[in-house]
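First the structure, in the form of structure tokens, and then the observations on it.
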Amino acid sequence: MQIAGPAGWLRSVLPQSISDSVVYDVIWPLIQIAVALFIVMTLVAYLTLAERKISAWIQSRMGPMRVGPWGLLQPAADGLKLLIKEDIIPLLADKAVFTIAPIVSMVAAITVLVIIPYGAGWAPITDVNIALLFILAFSSVGTLGIILGGWASNSKYPLLGALRSSAQMISYEVAMGLALIGPLMWSKTLSMVGIVNAQNGDHIWYVFYQPLGFLIYFVCALAETNRAPFDLPEAESELTGGFHTEYSGFRFSLYFIAEYAAMFTVSAIAVTVFLGGWDFGGLIGHFLANTHQNVYTVISIIVFFGKVLLLLWAFMWFRWTFPRYRYDQLMDVGWKWLIPASLANIVLTGVWFVIGISIPDGKPFLKNYGTYIAAPGFPAKAYVIGSAFLVTITLTAILLSSINKHSRDFNLRTQRQLQLQKRAERLAEAGNM
Amino acid sequence: MADENKSDGSDVAPDKPAGTGAPEEDKYKTQPLSAVPADAAPKLPETKPEPPAKTEAETTEPPKPVAEKPVKPAASAGEAKPAAEAKTPGEKPAPKQAAEAKAAGDKPTPTPKPAAKAPPKKPPEVETIAIPDDPLVVALKGKFPDTVIDAFAILKQKVIRINRSAVLDVCRYLRDDSAQQYNFLTDVTALHHPKADKKFEVIYVLYSIPRNERVRLKVPLAEGESVQSITSLWSTANWLEREVYDMFGITFEGHPDLRRILLPEDWVGYPLRKEYPLEYEDNEWVAKHLDIRPLAEGADYTGKFE
Amino acid sequence: MSITEKDILKIAEARTRIEPMFDTQEMTLNMGPQHPSTHGVLRVVLKLDGETVIDLDCDIGYLHRGVEKIAENRTYPMIAPYHDRTDYIAAVSNGLCWVETVEKVMGLEVPKRAQYIRIILTELNRITSHLLWLGTHCIDLGAFTIFLYAFREREEILKIFENYFGARLTTHAFRIGGFWWDTYPGFEEQVKFFCDYFPEKIKEYEIILNENRIWLQRTVGIGLISPEDAVDIGLTGPPLRGSGVNYDIRKAMPYEAYEEMDFIVPLGKAGDTYDRFLVRMEEMKQSRNIVLQALDKLKETEGQPVIAKVPKVIKPPIGEVYHSIEGPKGELGIFLVSDGTNKPSRMRIRPPSFINLQALRQMCIGHLVADVVAIIGTLDIVLGEIDR
């Protein structure tokens with residue numbers, strides 16, 4: 001059995017005494033894992049530098065410039081500094097849990113890297129058929145790491161931060177999962193590779209079919225990773241550090257790596273499910289896919305990482321632009337805005353789906369290709385995209401306004417008018433000043 | 001970073017600023033510290049005269065509530081000796097004035113008005129004008145007889161001295177009366193006159209926002225006397241009176257929470273009183289909380305703190 | 001105060017709207033002297049029911065240096081640098097209050113040219129202080145970028161201060177009687193340059209913040225105080241004007257040449273954090289207008305002296321005076337008792353931040369912990385001035 005690409009090359013260079021299954025199922029995946037881990041960890045390290053540089057450019061300054069040319073070796077310096085710092089554990093902290101907590105976060109963040117489809121062909125390490133579910137489930141374990149860290153620190157501020165953070169994360173996971181159901185109606189599979197293939201086959205990115213879903217997913221991704229404007233649990237100005245107040249040195253860096261790796265993961269999911277994954281379409285793509293598979297794969301890997309980096313840049317842009325939500329407003333947004341919106345999205349998408357696949361007699365808009373459902377041709381696509389942008393979003397907006405009409409933080413302008421009116425009446429009654 | 005610190009020549013100060021080209025500064029620049037003789041340092045103004053000089057002056061004090069004029073000329077009489085320019089003409093009228101005021105009787109009257117643009121021979125005092133006919137004073141005297149000790153205007157600011165028993169009522173009247181409307185309490189502070197009969201004086205500065213008028217109330221207090229708190233009228237008096245208590249030791253009756261505000265809870269002493277020393281004392285609080293003990297007398301500490 | 005225990009609990013319950021299913025304890029949280037957003041060494045002890053603040057107590061005095069006691073042992077010119085260190089952000093206006101008080105007691109008339117220069121510098125100082133307030137307020141609420149933009153604007157003004165006084169922060173700006181030196185060549189151009197490029201920067205901040213949904217949610221309705229309560233608790237400055245009370249000393253009891261300046265005093269309507277924010281933004285614009293007017297008048301007084309005839313040793317006559325100015329934080333007053341010598345007998349500083357901070361308790365009860373930070377920011381306190 002000859003397999004194309006590097007796996008085949010590997011088979012050819014290794015002695016025949018090693019059986020096929022060992023090469024294809026043990027050694028090759030191990031090499032893939034090692035390479036993927038190396039690339040992603042380097043990316044995570046340079047994300048810290050990118051954060052500082054992007055924040056600096058937004059704030060009209062330069063960022064780190066000293067370590068290496070234009071500060072490019074800064075992550076190495078940071079990593080080294082954190083490694084050689086003193087290991088401080090508070091006196092009354094629970095030592096075992098204190099040590100394990102960041103490891104739990106880190107493990108949860110890194111384990112899901114094995115399922116992300118980095119590219120076409122031989123690039124994905126594995127193709128699990130419930131990949132999306134696995135990712136959602138395993139990311140939730142990261143929450144446990146934060147709670148354990150806050151509790152084990154035996155101090156009020158970390159405890160408050162940990163509890164807030166965990167409540168925030170589980171609230172937004174619901175909306176995140178629900179937002180992902182929309183594209184699943186099209187791709188008919190939870191497998192990441194399958195979702196990308198579905199988008200490929202339909203020559204469309206699901207962000208156009210599910211704009212609301214993408215928006216909801218992106219906002220939930222911001223909240224899942226405790227990024228601004230949802231970063232109250234680790235807000236320096238209010239809780240002096242939140243759950244990682246008592247952590248320093250290497251353990252702190254583990255939390256940090258876990259946070260950035262989680263950012264990478266949610267961005268990768270967004271790219272896969274909504275932005276077409278590694279697919280770069282067009283004539284060049286199809287030509288290469290049919291002739292030079294290896295080149296196609298390499299380019300697809302680069303394209304995938306490019307899209308992920310674009311989303312990560314958006315993460316950082318939002319962080320340095322918006323103020324921070326207060327905690328109750330944060331939960332408000334999660335439960336009263338995003339969850340109803342995502343439910344409305346599912347229902348409305350389902351309605352258009354059913355109409356599209358059955359009602360137009362003879363020539364329905366949507367075609368079932370077995371592994372996925374597509375909307376071939378311009379009228380079909382116009383139908384789907386039009387219904388998504390125009391009708392779904394409008395109806396969801398109306399629904400959200402009516403749900404939140406009496407909420408304290410919605411319609412602040414009207415509230416102010418009312419307040420001023422009442423005050424004017426009161427002053428008129430009193431008749432002074 | 002180094003580039004930012006470089007300056008172009010435009011903001012370098014000239015070597016000798018006009019009018020202060022004193023040769024002493026060059027000495028500091030060119031000679032090492034040990035070479036500077038002990039008397040080359042500029043003389044600091046000397047501190048106030050020692051108490052023995054004052055005890056004589058105290059006996060000549062007229063026994064009446066505190067008024068600055070008799071007190072201060074006596075003090076400046078003691079101080080004129082170290083002062084470089086002896087304002088000798090200023091001292092002579094001042095004891096004369098004290099005698100005049102004593103002779104005038106118990107009711108303190110303000111000085112005969114010296115002209116504002118007087119030649120330097122006049123006593124260095126700001127003109128105070130008695131205002132017995134001011135409508136506010138008349139109203140107060142009408143409503144609260146025997147509380148107004150005197151009233152004068154100094155630098156166009158109205159000052160009314162009242163008895164300590166009537167503070168709360170007067171303030172309430174000033175706040176609530178529609179003709180007065182002093183609804184804003186600007187400040188509560190105190191003065192300490194160690195040589196006067198009534199040693200302390202609590203000052204209230206009130207302001208009327210609708211009428212844009214300010215008035216200052218002074219309440220003389222003897223040692224140990226307390227005054228009613230006006231926290232029930234203005235909440236702002238809460239911390240202001242706490243600070244007066246903290247710094248002077250004047251207690252306010254009826255204050256909801258009279259404890260020290262700027263100094264630690266268990267501090268001993270009231271710093272803004274005149275007898276409290278300015279320099280750092282190694283007192284018990286410091287020894288207890290900061291573990292700093294006074295240096296042993298006569299011990300040799302040279303070279304030990306480098 | 002008029003809030004009772006019952007009211008506090010009612011507010012707390014209304015906010016949480018959860019039926020207590022089990023016994024909850026109230027928690028005492030210490031926003032200690034070292035905290036990133038208490039603007040100095042301020043200790044706030046919060047009693048919390050969950051996240052809601054039930055009670056609050058401020059513990060101040062960590063920065064108490066005894067300035068008033070020191071002032072009784074220093075000559076009048078020597079006291080001026082101490083005033084820079086009380087409100088170290090608005091050092092120029094502190095110095096203004098001091099020299100004006102001494103001039104009032106001495107009966108000195110400051111020449112017109114010096115008055116115009118004083119107005120320019122004081123209003124620039126007001127812009128500086130408000131920019132720093134804006135930066136720190138935003139960084140407390142999470143909008144980090146505005147902090148750096150505000151400091152970029154401040155750099156221009158601090159360069160002017162450095163060129164004139166030699167220092168950026170503790171400036172010792174004014175001398176009793178006027179100025180020792182006239183303005184340096186290039187002063188007017190630098191000030192004009194700043195005034196020309198400042199309005200678009202303010203516009204930038206307004207675009208980012210004024211209609212930002214998250215900003216509105218964090219500031220509207222937070223820290224409400226009615227005008228009656230504001231006058232009762234003694235607030236001055238933007239917190240008072242944010243509640244709608246028109247009390248600005250520059251208009252009520254004008255000092256320097258403020259009668260000749262044409263400006264409006266912005267007033268808020270509802271008395272919440274958003275209103276105080278708008279009031280301070282508008283005050284910055286008004287300050288810029290005042291600076292431009294003063295610059296024009298300055299040109300007319302070219303060549304005139306900048307200092308009055310001041311004796312070599314400052315010995316004010318015996319007397320007392322209370323003089324106040326409109327500082328950026330509120331009404332800054334000095335009560336000076338002089339006894340004819342070259343040292344004052346008593347110098348009392350009426351610190352606006354000290355009195356404004358009293359309102360913290362009233363404003364915070366019923367709000368969440370995250371709002372306490374916003375309210376401390378909106379009161380614009382400086383611990384140097386509170387503790388002196």
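Every chain in the structure tokens has a letter given in the order shown (A, B, ...), and although residue numbers restart at 1 in each chain, ligands are simply numbered from 1 in the order shown.
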query: What residues in chain B have any atom no more than 12 Å from chain A when counting only C-alpha atoms, and can you write them as a ChimeraX atom specification?
result: /B:1,178,181,183,208-211
Write a file of the just-selected residues containing C-alpha atoms, as a compact mmCIF listing (two decimals), in the first residue's frame.
```txt
# COMPACT_ATOMS: atom_id res chain seq x y z
CA MET B 1 16.02 56.55 25.32
CA SER B 178 -34.24 82.53 53.31
CA GLN B 181 -29.04 80.89 52.50
CA ASN B 183 -26.00 76.42 52.18
CA SER B 208 -24.01 80.92 49.90
CA ILE B 209 -24.30 79.56 46.39
CA PRO B 210 -27.45 81.44 45.43
CA ARG B 211 -26.25 84.77 46.84
```
Chain B contacts to chain C at 7 Å (only C-alpha atoms) as a VMD selection string: chain B and resid 11 47 72 76 124 to 126 184 to 187 209 212 234 to 236 261 to 263 272 278
- request: Report as an MDAnalysis selection string the set of chain C residues whose atoms approach chain A to within 10 Å, with distances computed over only C-alpha atoms.
  value: chainID C and resid 16 27:31 34:38 50:51 138:149 152 208:209 212:218 220:221 226:228 244:246 269:271 368:374
Which residues are close to Cys171 in chain B, i.e. within 8 Å by only C-alpha atoms, leaving aside same-chain residues fewer than 4 positions away? Reply as an mmCIF file with C-alpha atoms, in the first residue's frame.
```
data_model
loop_
_atom_site.group_PDB
_atom_site.id
_atom_site.type_symbol
_atom_site.label_atom_id
_atom_site.label_comp_id
_atom_site.auth_asym_id
_atom_site.auth_seq_id
_atom_site.Cartn_x
_atom_site.Cartn_y
_atom_site.Cartn_z
ATOM 1 C CA VAL B 167 -22.602 77.317 67.062
ATOM 2 C CA ARG B 175 -28.318 77.670 56.390
ATOM 3 C CA ILE B 230 -22.461 70.499 62.760
ATOM 4 C CA LEU B 233 -26.404 70.173 59.168
#
```
query: Near Glu246 in chain A, within 8 Å and counting only C-alpha atoms, which residues show up once chain neighbours fewer than 2 positions away are dropped, as number ranges by chain?
result: A: 89-90, 153, 158, 243-244, 248
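The smallest atom-to-atom distance between Tyr207 in chain B and any of B:Leu136, B:Val227, B:Val219, B:Leu174, using only C-alpha atoms, is found for B:Leu174.
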- prompt: Got a sec: who's within 12 Å of Gly63 in chain A, counting only C-alpha atoms, leaving out chain neighbours fewer than 2 positions off, as a VMD selection string?
  reply: chain A and resid 48 to 61 65 to 67 70 to 72 74
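Across range 200-360 of chain C, DSSP run on the backbone finds strand (DSSP E) at C:Gly319, C:Glu320, C:Val321, C:Tyr322, C:His323, C:Ser324, C:Ile325, C:Glu326, C:Glu331, C:Leu332, C:Gly333, C:Ile334, C:Phe335, C:Leu336, C:Val337, C:Ser338, C:Pro344, C:Ser345, C:Arg346, C:Met347, C:Arg348, C:Ile349, C:Arg350.
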Could you write out that same residue set with N, CA and C atoms as an mmCIF file, in the first residue's frame?
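What landed in result_39.cif:
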```
data_model
loop_
_atom_site.group_PDB
_atom_site.id
_atom_site.type_symbol
_atom_site.label_atom_id
_atom_site.label_comp_id
_atom_site.auth_asym_id
_atom_site.auth_seq_id
_atom_site.Cartn_x
_atom_site.Cartn_y
_atom_site.Cartn_z
ATOM 1 N N GLY C 319 -2.676 89.682 59.793
ATOM 2 C CA GLY C 319 -4.021 89.565 59.268
ATOM 3 C C GLY C 319 -4.309 88.138 58.899
ATOM 4 N N GLU C 320 -5.474 87.904 58.386
ATOM 5 C CA GLU C 320 -5.839 86.569 57.961
ATOM 6 C C GLU C 320 -6.705 86.698 56.721
ATOM 7 N N VAL C 321 -6.664 85.703 55.918
ATOM 8 C CA VAL C 321 -7.472 85.731 54.703
ATOM 9 C C VAL C 321 -7.759 84.297 54.294
ATOM 10 N N TYR C 322 -8.920 84.091 53.680
ATOM 11 C CA TYR C 322 -9.229 82.816 53.061
ATOM 12 C C TYR C 322 -9.410 83.081 51.580
ATOM 13 N N HIS C 323 -8.563 82.477 50.772
ATOM 14 C CA HIS C 323 -8.633 82.724 49.337
ATOM 15 C C HIS C 323 -8.763 81.391 48.639
ATOM 16 N N SER C 324 -9.607 81.327 47.643
ATOM 17 C CA SER C 324 -9.750 80.047 46.945
ATOM 18 C C SER C 324 -9.770 80.267 45.455
ATOM 19 N N ILE C 325 -9.330 79.249 44.736
ATOM 20 C CA ILE C 325 -9.363 79.289 43.284
ATOM 21 C C ILE C 325 -10.076 78.036 42.805
ATOM 22 N N GLU C 326 -10.396 78.047 41.532
ATOM 23 C CA GLU C 326 -11.026 76.882 40.936
ATOM 24 C C GLU C 326 -9.916 76.020 40.364
ATOM 25 N N GLU C 331 -12.650 73.277 44.458
ATOM 26 C CA GLU C 331 -12.277 74.555 45.054
ATOM 27 C C GLU C 331 -11.069 74.355 45.968
ATOM 28 N N LEU C 332 -9.961 74.874 45.538
ATOM 29 C CA LEU C 332 -8.752 74.789 46.352
ATOM 30 C C LEU C 332 -8.625 76.091 47.107
ATOM 31 N N GLY C 333 -8.614 76.023 48.438
ATOM 32 C CA GLY C 333 -8.569 77.239 49.227
ATOM 33 C C GLY C 333 -7.405 77.216 50.189
ATOM 34 N N ILE C 334 -6.928 78.395 50.531
ATOM 35 C CA ILE C 334 -5.882 78.496 51.549
ATOM 36 C C ILE C 334 -6.334 79.526 52.564
ATOM 37 N N PHE C 335 -6.297 79.161 53.830
ATOM 38 C CA PHE C 335 -6.622 80.071 54.926
ATOM 39 C C PHE C 335 -5.307 80.424 55.593
ATOM 40 N N LEU C 336 -4.920 81.663 55.453
ATOM 41 C CA LEU C 336 -3.585 82.066 55.896
ATOM 42 C C LEU C 336 -3.712 83.055 57.038
ATOM 43 N N VAL C 337 -3.030 82.778 58.120
ATOM 44 C CA VAL C 337 -2.980 83.709 59.247
ATOM 45 C C VAL C 337 -1.544 84.173 59.365
ATOM 46 N N SER C 338 -1.369 85.462 59.190
ATOM 47 C CA SER C 338 -0.004 85.969 59.247
ATOM 48 C C SER C 338 0.176 86.812 60.498
ATOM 49 N N PRO C 344 4.416 82.240 58.240
ATOM 50 C CA PRO C 344 3.001 82.330 58.599
ATOM 51 C C PRO C 344 2.759 81.700 59.959
ATOM 52 N N SER C 345 1.682 82.176 60.595
ATOM 53 C CA SER C 345 1.308 81.563 61.848
ATOM 54 C C SER C 345 0.498 80.301 61.624
ATOM 55 N N ARG C 346 -0.329 80.330 60.584
ATOM 56 C CA ARG C 346 -1.082 79.127 60.275
ATOM 57 C C ARG C 346 -1.396 79.148 58.807
ATOM 58 N N MET C 347 -1.166 78.037 58.152
ATOM 59 C CA MET C 347 -1.565 77.928 56.766
ATOM 60 C C MET C 347 -2.427 76.680 56.654
ATOM 61 N N ARG C 348 -3.635 76.875 56.264
ATOM 62 C CA ARG C 348 -4.534 75.739 56.157
ATOM 63 C C ARG C 348 -4.881 75.590 54.683
ATOM 64 N N ILE C 349 -4.754 74.393 54.168
ATOM 65 C CA ILE C 349 -5.134 74.133 52.788
ATOM 66 C C ILE C 349 -6.503 73.478 52.818
ATOM 67 N N ARG C 350 -7.414 74.010 52.047
ATOM 68 C CA ARG C 350 -8.723 73.376 51.931
ATOM 69 C C ARG C 350 -8.634 72.463 50.718
#
```
